[in-house]
Every structure is written in structure tokens, then in C-alpha cells.
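**Q** I am attaching a structure below and will ask some questions about it afterwards.
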Amino acid sequence: MQKFLKSLKQGIAASVLLVAAIANVQTVVAQDDKTLLGAGSSFINPLFSKMFADYNTKTGIQVNYQSIGSGGGILQLTNKTVDFGASDGPLNDEQTTKFGVPVLHIPQASGAVVVTYNLPGDNNNLSLTPDIIADIYLGKIKSWNDTRITSLNKGVNIPGLPILVAHRSDGSGTTNIFTNYLSKVSPEWKTKVGSAGAVNWPAGLGGKGNEGVAGLVKQTPGAIGYVELIYALQNKMDYAKIQNKKGKFILPSIASVTAAGNVTLPPDSKIFITDTDAADGYPISGFTWVLIYQEQNYNSRSKDRATKLLKLLWWNIHEGQAFTEPLNYAPLSKEALKVAEKILKSATYGGKAIL
Amino acid sequence: MDDQKLKIKAKNSYGMIRAESIFKRSLIGVGIAMVVLVAGLMVTLIIESLPSMKNLGIKYLWGRTWDPVNNVYGALPFLIGTLLTSFLALIISIPFSFAIAIYLGEYNPKGWLSNFLKNTVELIAAVPSVIYGFWGLLVLVPLVRSLEMKVGVLPYGIGIFTASLILAVMIIPYAASLGREMIRLVPSQLKEGAYSLGATRYEVIKNVVIPYTKSGLFAGILLSLGRALGETMAVTMVIGNTSMIPDSIFGPGNTMASVIANEFTEADHTLYLSALIELGLVLFIVTVIINMIGKRIIQRFTNE
């Protein structure tokens, strides 16, 4: 018995050591001065990959970006394991309190959400108004031959199919922008559902990712769904013209999305540009931001590293913008660029401006 | 000279004994590390779900609303979705897996056909689940949709039933392989005895083989069920992902594993994250309970 106890004790000691060794590994973070670390939004990942590869050939600085989702990027920045985060939505109140110190939001590019559908016949680019979309997603308009839809689209062949609503099942920036838009245009949506990366949908089926929603829509005649503009363009899907605040029906395109961001922005750029005031702007769009600490002297970071980070971000919003359109992202508007420059200049190291 | 040899021999055998005890200790160490790991898992789940437990209390378990915007979380729709898909899948898969087990274990235990069948069945278990998801979405969903049109329910194509079908295919190999091994272990004296008494092959299977292998067959079912409860990817692609309690087996729903996988990465406030982790805890506990009940039933069978 004694012997057994002894070996048991040793066994426990051994296993504790083992566990401790495993736990130790994760505290080691790369502090190589030629590599910057970033994490977050998967939406912006294709653009960032291209930008950072080009930046690497020009400057020799490597940027290691993990596309783990906006929420994950914010968490990693909170834990100070990355130099910057990237998010499709501004920080919410709880996240801001968790940081405790000022965090800068620097817009990088805009994306848009398009309303796509599957109707037999020739009916690409149907016209839809905000309240029709809201009522479809609230489950109040149930059929495609509803007079509100047909009277808007006279002369277009619309079959009388029941509407199947498709939405994202995973939490996403796309859903955040879409529900933010619906909350702005429909008071009923705002009180009943609200806006977030994932909501309690009053109607419809969920698909995982853009491809999941697209799959549901493609397979089901009569289905309606929402996907990122990039995804719709690349997959040649039908999408709707949507009436904006000024009453114009706008087809989603890179130009109309950039136009949506060409409005007076608040100095911190923390705003959803959905339901934009711009006359030619597509109403369901939003920025993707890079997030950094305003005070860059934390965790015994070197000034050199902070400067490298700021230079990279400056390059992103200037030369880097050349990569947006070939990849179907909307570049920053003039207004947005002005605000972004000002925000970058407000970053400090030990209280002194870096740029 | 002899003395020297003896000393070396003694030294050698001392080294052997030391090696033995080190070996034994490391075995115990690894064993305990496993226990620590499971306990650590449980503790982490509990600690991380504390905010949700404090805020939502026990009514989390039977709440019907899952609303991340207003911070109202109820796990009931997903609990029902998980149990419904898993047990439905089990019911669909049992006839197939037992048929395979009996055929490969009793009728055709050797030869190329048997080997070919056996390997094919085992391959089913090796295919990654996302492939089943794709196959389900592209092939099974249209089939189910046309079935639903004939039955006269809303032809979504995706939903609880489709998810159960996919799961059923995925879990067949578990019960089948274990069942086959068990059936091959039945002592031939028993079977020969039965034959000599004039029993037909069917009677031998019914009265000798099945009763003898009951506990093994049941263990196979349990293994299948465990797999079905935790399956995420294939399910999430075909179940419809709505946080409502399914109104029929053709309706859309969601499972606990699928909700966690879908919403975890973008859960942006503490209570939301915590509610998702508590969902993981519930899934963990459900699995443990079902395993414990299963073990008890197996014991009862074997004691008979």
C-alpha cells in the first residue's frame, strides 16, 4: 500500500510537470523585430494577404496575419499578443471597458452586403425598398407576388413562389452590417430583433458562411439571402437594387460602396455607414477597421516596432489601396482617408506622436 | 574473478529493476495525466460558464429563446435538437450496422468479399465529416426535398431528418465493427451444439449468437451514439440552424455542438461567450450521463 502511494505521488508529480510544460509554451511570443503580428476579420484577409506580401517585397518587413474572425482579433489585442487587430465592426461598450485604454480605429476598406435571390426567369436586379426587405426578414411578406414587390417591379416576370428566408448561422460581420441596416430602416426590427453579429432570427433558415447562405439560395427556388458583395460578384449571383435614403435605387458595386463612405465621418471613424446620406451610395455597407492601442509603449515594446507598425498602416491606406479594386473591395473614400490619416497621426509612443 | 562477475551481474540486475520501476512510474504518470486532463476540462468549462450560470440560473436549461442581442439564452431548442438527431440517427443506423455485423461475423467471415466489405465499412468512419456535409447538401437535400413534397410538408430539404440521415451513415461503422468482432468471438462449441440439436442458421443467430454478444452489440450502439451527439460539421451544414424548437422531424433545428461551432468565434461579450461555454458543459454532461446509463445496462446484460 505504502509503495503504491509512493508511486502514485511520483506519478502525480510527473503529470503536473507535464501539464506545466505544456502551459509554458503559449507564453512565448515572437518578438522578432522584422515580423509584425495581426489577427481578426476574415473578410479582409484576401486583401491583407496581397497587401502584406507586396509590403514584404518592398520593405522586408513581414506581417503575420491570422484570419480568426473579428471577435478573436479583438480578444488577442486585449491580451496584447498581437500588434494590431482587425474588425468588421467598431468595439462595443463591453469591449471598450475591457481594454481600459484608448484604442484607435483605422478604416482600411469597405465591404457591402447584397441581397441575393433565386427566382426562375429573367429577373436580375429586382428593385427592393428597405421596408420590403425588413418585412421579408420579419416573416411578414411571405410570397414573391406580394403587391408591394410586384408594383415596384412592373414588367418583370416574378413567379408567385413562397419566400424562403436564408441567413447566416455563424456570428459574422456581414450579419452585423445587415442587421444594423435593418435596425436603422425598420423600427419594428430594432425593437424585436436588434443588431449584432448573431441575432435571434424571426424567420428562415441558417447557412454557415457566405457559401452556406449561397448554397441555400441556389438550391431553393423562391429563396432570398444576403452575402458579401465580393462573394456575389465572384459567383455571379443575382442581386437586388436597393432604395437608399435619398430615394434612389442603387445597384451594389465597388463605386457605389465607396460613395457610401464619402460622408462626413466622426473623428474616431467609429460609425456604421449603413443607410448612408450619400446620394449615390449603396445603403448596406461598412468599413473594416484595424485596431491598435493609441499609446504604443506597452509590454516593453520598442519604439522601432511601434514605428514600423504605424508605417505599415500608413502604407495600407495610401499605396495599399491600389490592391482593393482588383480584389473587389471598395477603396476608402476621400472623406474616410482624411479621417484615417488624422487618427493614425494621433498614435503616440511615450506620449509623443510617432508619425 | 567470480566475485567480479557476480558484482557486474548484480549491478546489471539492479539497473533492470530501476528501469522497470521508471517504466512503471511513467505509465502511472501518463495515466494520471489523462485524469488530470479530463478533470481540468470539466473545471475549465465550469469556471468559464460561471457568469452565465449566475446571470441566467437554472432556467438556462429550459429557456426557449436564444437571443444574443438582448442577452437571453436558453438551451432547450438545442438540447432537443441534439437528442432528436442523435437518437433518430441511431434508430436508422441500427438495422444496417447489425446486418453488416452478422453477415461479416457469421455468414462470410473470410475471403476477399468479406475483406472488401469490412474495409469499405471502416472507410466510412475515416471520411472527414465535412465531406459528408457537402454530400448531404448536394445530394441528400434535393432527395429529401422531393420526399417532403410528396409527404406534403414544407419542402426545405434541410432539417432534423436530413441531419439524422447523414449522422446515421456516419455512425454505422462503429456498431458494425464492434458487433462483427464480438460475433466472431462466440465459441464455436456453443454454435455447434445448437446445430447438432437441429437448429437452423437463423435460430443459431437468434438464440445463441445474439444473446451471447448482447453487451458487445450494445457497447457498439453506445459508441455510435457518442459520435452522433458530438458531430458538428456535417450536421451544421444540413440542419437549417434555427434556434427554435423543431415542430416536426422535417423542420429545421440546431444542435449544441453546431451552435458552439457557429457562434463561438464572434461571441463579442462575456455573457454570450459564457452561455456558449455552458452549452459545451451541458453537452459534456449529457454525454457522461448517457455513457453511465449505457455502462449500467451493459453490466446488467453481462451479469445475467
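Residue names in the C-alpha cells use chain letters A, B, ... in the order shown, residue numbers from 1 in each chain, and ligand numbers from 1 in the order shown.
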Any idea what's packed within 10 Å of Pro128 of chain B, counting only C-alpha atoms, ignoring anything in its chain fewer than 6 positions away? Could you give it as a VMD selection string?

**A** chain B and resid 170 233 to 234

**Q** Those same residues, written as a CSV table (one decimal), in the first residue's frame with C-alpha atoms?

**A**
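So selection.csv came out as:
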```csv
chain,number,residue,atom,x,y,z
B,170,MET,CA,-21.6,8.2,-40.3
B,233,MET,CA,-19.7,19.9,-39.2
B,234,ALA,CA,-21.9,17.6,-41.2
```

**Q** Compile the contact shell of Phe249 of chain A as a ChimeraX atom specification: residues with an atom at most 10 Å away, counting only C-alpha atoms, same-chain residues fewer than 6 positions apart removed.

**A** /A:126-129,240-243,279-283

**Q** Store the residues picked out above, limited to C-alpha atoms, as a PDB file, in the first residue's frame.

**A**
```pdb
ATOM      1  CA  LEU A 126     -35.068  43.471 -58.887  1.00  0.00           C
ATOM      2  CA  SER A 127     -35.799  46.740 -57.113  1.00  0.00           C
ATOM      3  CA  LEU A 128     -36.448  46.489 -53.393  1.00  0.00           C
ATOM      4  CA  THR A 129     -37.171  49.090 -50.740  1.00  0.00           C
ATOM      5  CA  ALA A 240     -31.234  43.419 -55.895  1.00  0.00           C
ATOM      6  CA  LYS A 241     -31.129  47.182 -56.386  1.00  0.00           C
ATOM      7  CA  ILE A 242     -31.923  48.802 -53.082  1.00  0.00           C
ATOM      8  CA  GLN A 243     -33.513  52.160 -52.486  1.00  0.00           C
ATOM      9  CA  ALA A 279     -26.972  60.209 -52.897  1.00  0.00           C
ATOM     10  CA  ASP A 280     -25.091  57.605 -54.961  1.00  0.00           C
ATOM     11  CA  GLY A 281     -24.163  55.397 -52.045  1.00  0.00           C
ATOM     12  CA  TYR A 282     -25.296  51.797 -51.673  1.00  0.00           C
ATOM     13  CA  PRO A 283     -27.064  51.611 -48.309  1.00  0.00           C
TER      14      PRO A 283
END
```

**Q** From the DSSP assignment of the backbone, select every residue of segment 49-255 of chain B that is alpha helix (DSSP H), and format the answer as a ChimeraX atom specification.

**A** /B:49-56,76-102,112-126,129-135,141-151,160-184,188-196,201-204,210-230,233-238

**Q** Would you give me, as a tab-separated table, each residue of chain A having an atom within 7 Å of an atom of chain B, along with its shortest atom pair and that distance in Å to one decimal, using only C-alpha atoms and sorting by chain and residue number?

**A**
```
residue	atom	partner	partner_atom	distance
A:Ser7	CA	B:Arg25	CA	6.2
A:Gly11	CA	B:Gly29	CA	4.0
A:Ile12	CA	B:Gly29	CA	6.1
A:Ala14	CA	B:Gly29	CA	5.6
A:Ser15	CA	B:Ala33	CA	4.9
A:Gly69	CA	B:Thr265	CA	6.1
A:Ser70	CA	B:Glu266	CA	6.5
A:Gly71	CA	B:Glu266	CA	4.6
A:Gly72	CA	B:Thr265	CA	6.1
A:Glu94	CA	B:His269	CA	6.6
A:Ser169	CA	B:Asn241	CA	5.9
A:Asp170	CA	B:Asn262	CA	4.1
A:Gly171	CA	B:Glu263	CA	4.8
A:Ser172	CA	B:Glu266	CA	6.3
A:Gly194	CA	B:Val69	CA	6.3
A:Ser195	CA	B:Val69	CA	6.7
A:Ala196	CA	B:Val69	CA	6.2
A:Gly197	CA	B:Glu266	CA	6.8
A:Ala198	CA	B:Pro68	CA	6.5
A:Val199	CA	B:Pro68	CA	5.7
A:Asn200	CA	B:Asp67	CA	4.7
A:Leu205	CA	B:Gly240	CA	5.0
A:Gly206	CA	B:Asn241	CA	4.7
A:Gly207	CA	B:Gly240	CA	6.6
A:Lys208	CA	B:Met237	CA	6.7
```

**Q** Taking C-alpha atoms for each residue, export the selection above as a PDB file, in the first residue's frame.

**A**
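Produced file out10.pdb, reproduced below:
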```pdb
ATOM      1  CA  SER A   7       4.432   5.651  -6.886  1.00  0.00           C
ATOM      2  CA  GLY A  11       3.080   9.852 -10.862  1.00  0.00           C
ATOM      3  CA  ILE A  12       1.197  12.976  -9.858  1.00  0.00           C
ATOM      4  CA  ALA A  14       5.341  13.766 -13.205  1.00  0.00           C
ATOM      5  CA  SER A  15       1.967  14.623 -14.669  1.00  0.00           C
ATOM      6  CA  GLY A  69     -12.648  36.388 -37.034  1.00  0.00           C
ATOM      7  CA  SER A  70     -13.175  39.894 -35.675  1.00  0.00           C
ATOM      8  CA  GLY A  71     -14.069  38.759 -32.161  1.00  0.00           C
ATOM      9  CA  GLY A  72     -10.906  36.662 -31.909  1.00  0.00           C
ATOM     10  CA  GLU A  94     -18.093  45.993 -23.035  1.00  0.00           C
ATOM     11  CA  SER A 169     -25.870  30.729 -38.860  1.00  0.00           C
ATOM     12  CA  ASP A 170     -22.403  31.742 -37.706  1.00  0.00           C
ATOM     13  CA  GLY A 171     -21.645  35.007 -35.999  1.00  0.00           C
ATOM     14  CA  SER A 172     -20.264  37.400 -38.602  1.00  0.00           C
ATOM     15  CA  GLY A 194     -31.873  44.381 -32.940  1.00  0.00           C
ATOM     16  CA  SER A 195     -28.415  44.261 -34.466  1.00  0.00           C
ATOM     17  CA  ALA A 196     -25.344  42.133 -33.714  1.00  0.00           C
ATOM     18  CA  GLY A 197     -23.065  39.567 -35.297  1.00  0.00           C
ATOM     19  CA  ALA A 198     -25.653  36.915 -34.462  1.00  0.00           C
ATOM     20  CA  VAL A 199     -29.312  37.579 -33.655  1.00  0.00           C
ATOM     21  CA  ASN A 200     -32.483  35.702 -32.840  1.00  0.00           C
ATOM     22  CA  LEU A 205     -33.015  29.027 -42.206  1.00  0.00           C
ATOM     23  CA  GLY A 206     -29.355  29.470 -41.354  1.00  0.00           C
ATOM     24  CA  GLY A 207     -26.387  28.556 -43.522  1.00  0.00           C
ATOM     25  CA  LYS A 208     -22.760  28.570 -42.375  1.00  0.00           C
TER      26      LYS A 208
END
```

**Q** Residues at most 12 Å from Lys58 of chain A, counting only C-alpha atoms, excluding those fewer than 6 positions away in the same chain, as a VMD selection string?

**A** chain A and resid 51 to 52 312 315 319 to 320

**Q** Near Leu61 of chain B, counting only C-alpha atoms, which residues have an atom at most 9 Å away, once you skip same-chain residues fewer than 2 positions from it, shown as a count of residues only?

**A** 10

**Q** For the strand (DSSP E or B) assignment from backbone DSSP, which residues of segment 177-247 of chain A qualify? Please present them as a list of chain:residue names.

**A**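 Residues meeting the strand (DSSP E or B) criterion: A:Leu205, A:Gly206, A:Gly207, A:Ala223, A:Ile224, A:Gly225, A:Tyr226, A:Val227, A:Glu228, A:Tyr239, A:Lys241, A:Ile242, A:Gln243.
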
**Q** If we count only C-alpha atoms, what is near Ile160 of chain B at a cut-off of 10 Å, once residues fewer than 4 positions away on the same chain are taken out, given as a PyMOL selection string?

**A** chain B and resi 81-82+84-86+88-89+164-165+235+238-241+246-255

**Q** Could those selected residues go to a file with C-alpha atoms, as a PDB file, in the first residue's frame?

**A**
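As a result, again_37.pdb now contains:
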```pdb
ATOM      1  CA  GLY B  81     -32.186  19.137 -31.427  1.00  0.00           C
ATOM      2  CA  THR B  82     -29.132  17.193 -30.255  1.00  0.00           C
ATOM      3  CA  LEU B  84     -33.589  14.157 -31.511  1.00  0.00           C
ATOM      4  CA  THR B  85     -30.993  13.939 -34.292  1.00  0.00           C
ATOM      5  CA  SER B  86     -28.781  11.515 -32.364  1.00  0.00           C
ATOM      6  CA  LEU B  88     -33.173   9.254 -34.813  1.00  0.00           C
ATOM      7  CA  ALA B  89     -29.803   8.544 -36.423  1.00  0.00           C
ATOM      8  CA  SER B 164     -30.257  12.355 -38.864  1.00  0.00           C
ATOM      9  CA  LEU B 165     -29.788  10.560 -42.186  1.00  0.00           C
ATOM     10  CA  VAL B 235     -24.858  18.471 -39.014  1.00  0.00           C
ATOM     11  CA  VAL B 238     -27.791  20.380 -43.339  1.00  0.00           C
ATOM     12  CA  ILE B 239     -29.842  21.070 -40.201  1.00  0.00           C
ATOM     13  CA  GLY B 240     -31.081  24.587 -41.001  1.00  0.00           C
ATOM     14  CA  ASN B 241     -29.583  26.278 -37.928  1.00  0.00           C
ATOM     15  CA  PRO B 246     -38.315  21.813 -34.170  1.00  0.00           C
ATOM     16  CA  ASP B 247     -42.027  21.400 -34.844  1.00  0.00           C
ATOM     17  CA  SER B 248     -41.629  18.143 -36.773  1.00  0.00           C
ATOM     18  CA  ILE B 249     -38.775  15.850 -37.747  1.00  0.00           C
ATOM     19  CA  PHE B 250     -38.770  17.546 -41.159  1.00  0.00           C
ATOM     20  CA  GLY B 251     -38.468  21.018 -39.630  1.00  0.00           C
ATOM     21  CA  PRO B 252     -35.199  22.904 -39.200  1.00  0.00           C
ATOM     22  CA  GLY B 253     -33.451  22.953 -35.832  1.00  0.00           C
ATOM     23  CA  ASN B 254     -29.989  23.098 -34.344  1.00  0.00           C
ATOM     24  CA  THR B 255     -27.724  21.071 -32.095  1.00  0.00           C
TER      25      THR B 255
END
```

**Q** So how many Å separate atom CA of Thr81 of chain A and atom CA of Thr59 of chain A, to one decimal?

**A** 23.3 Å
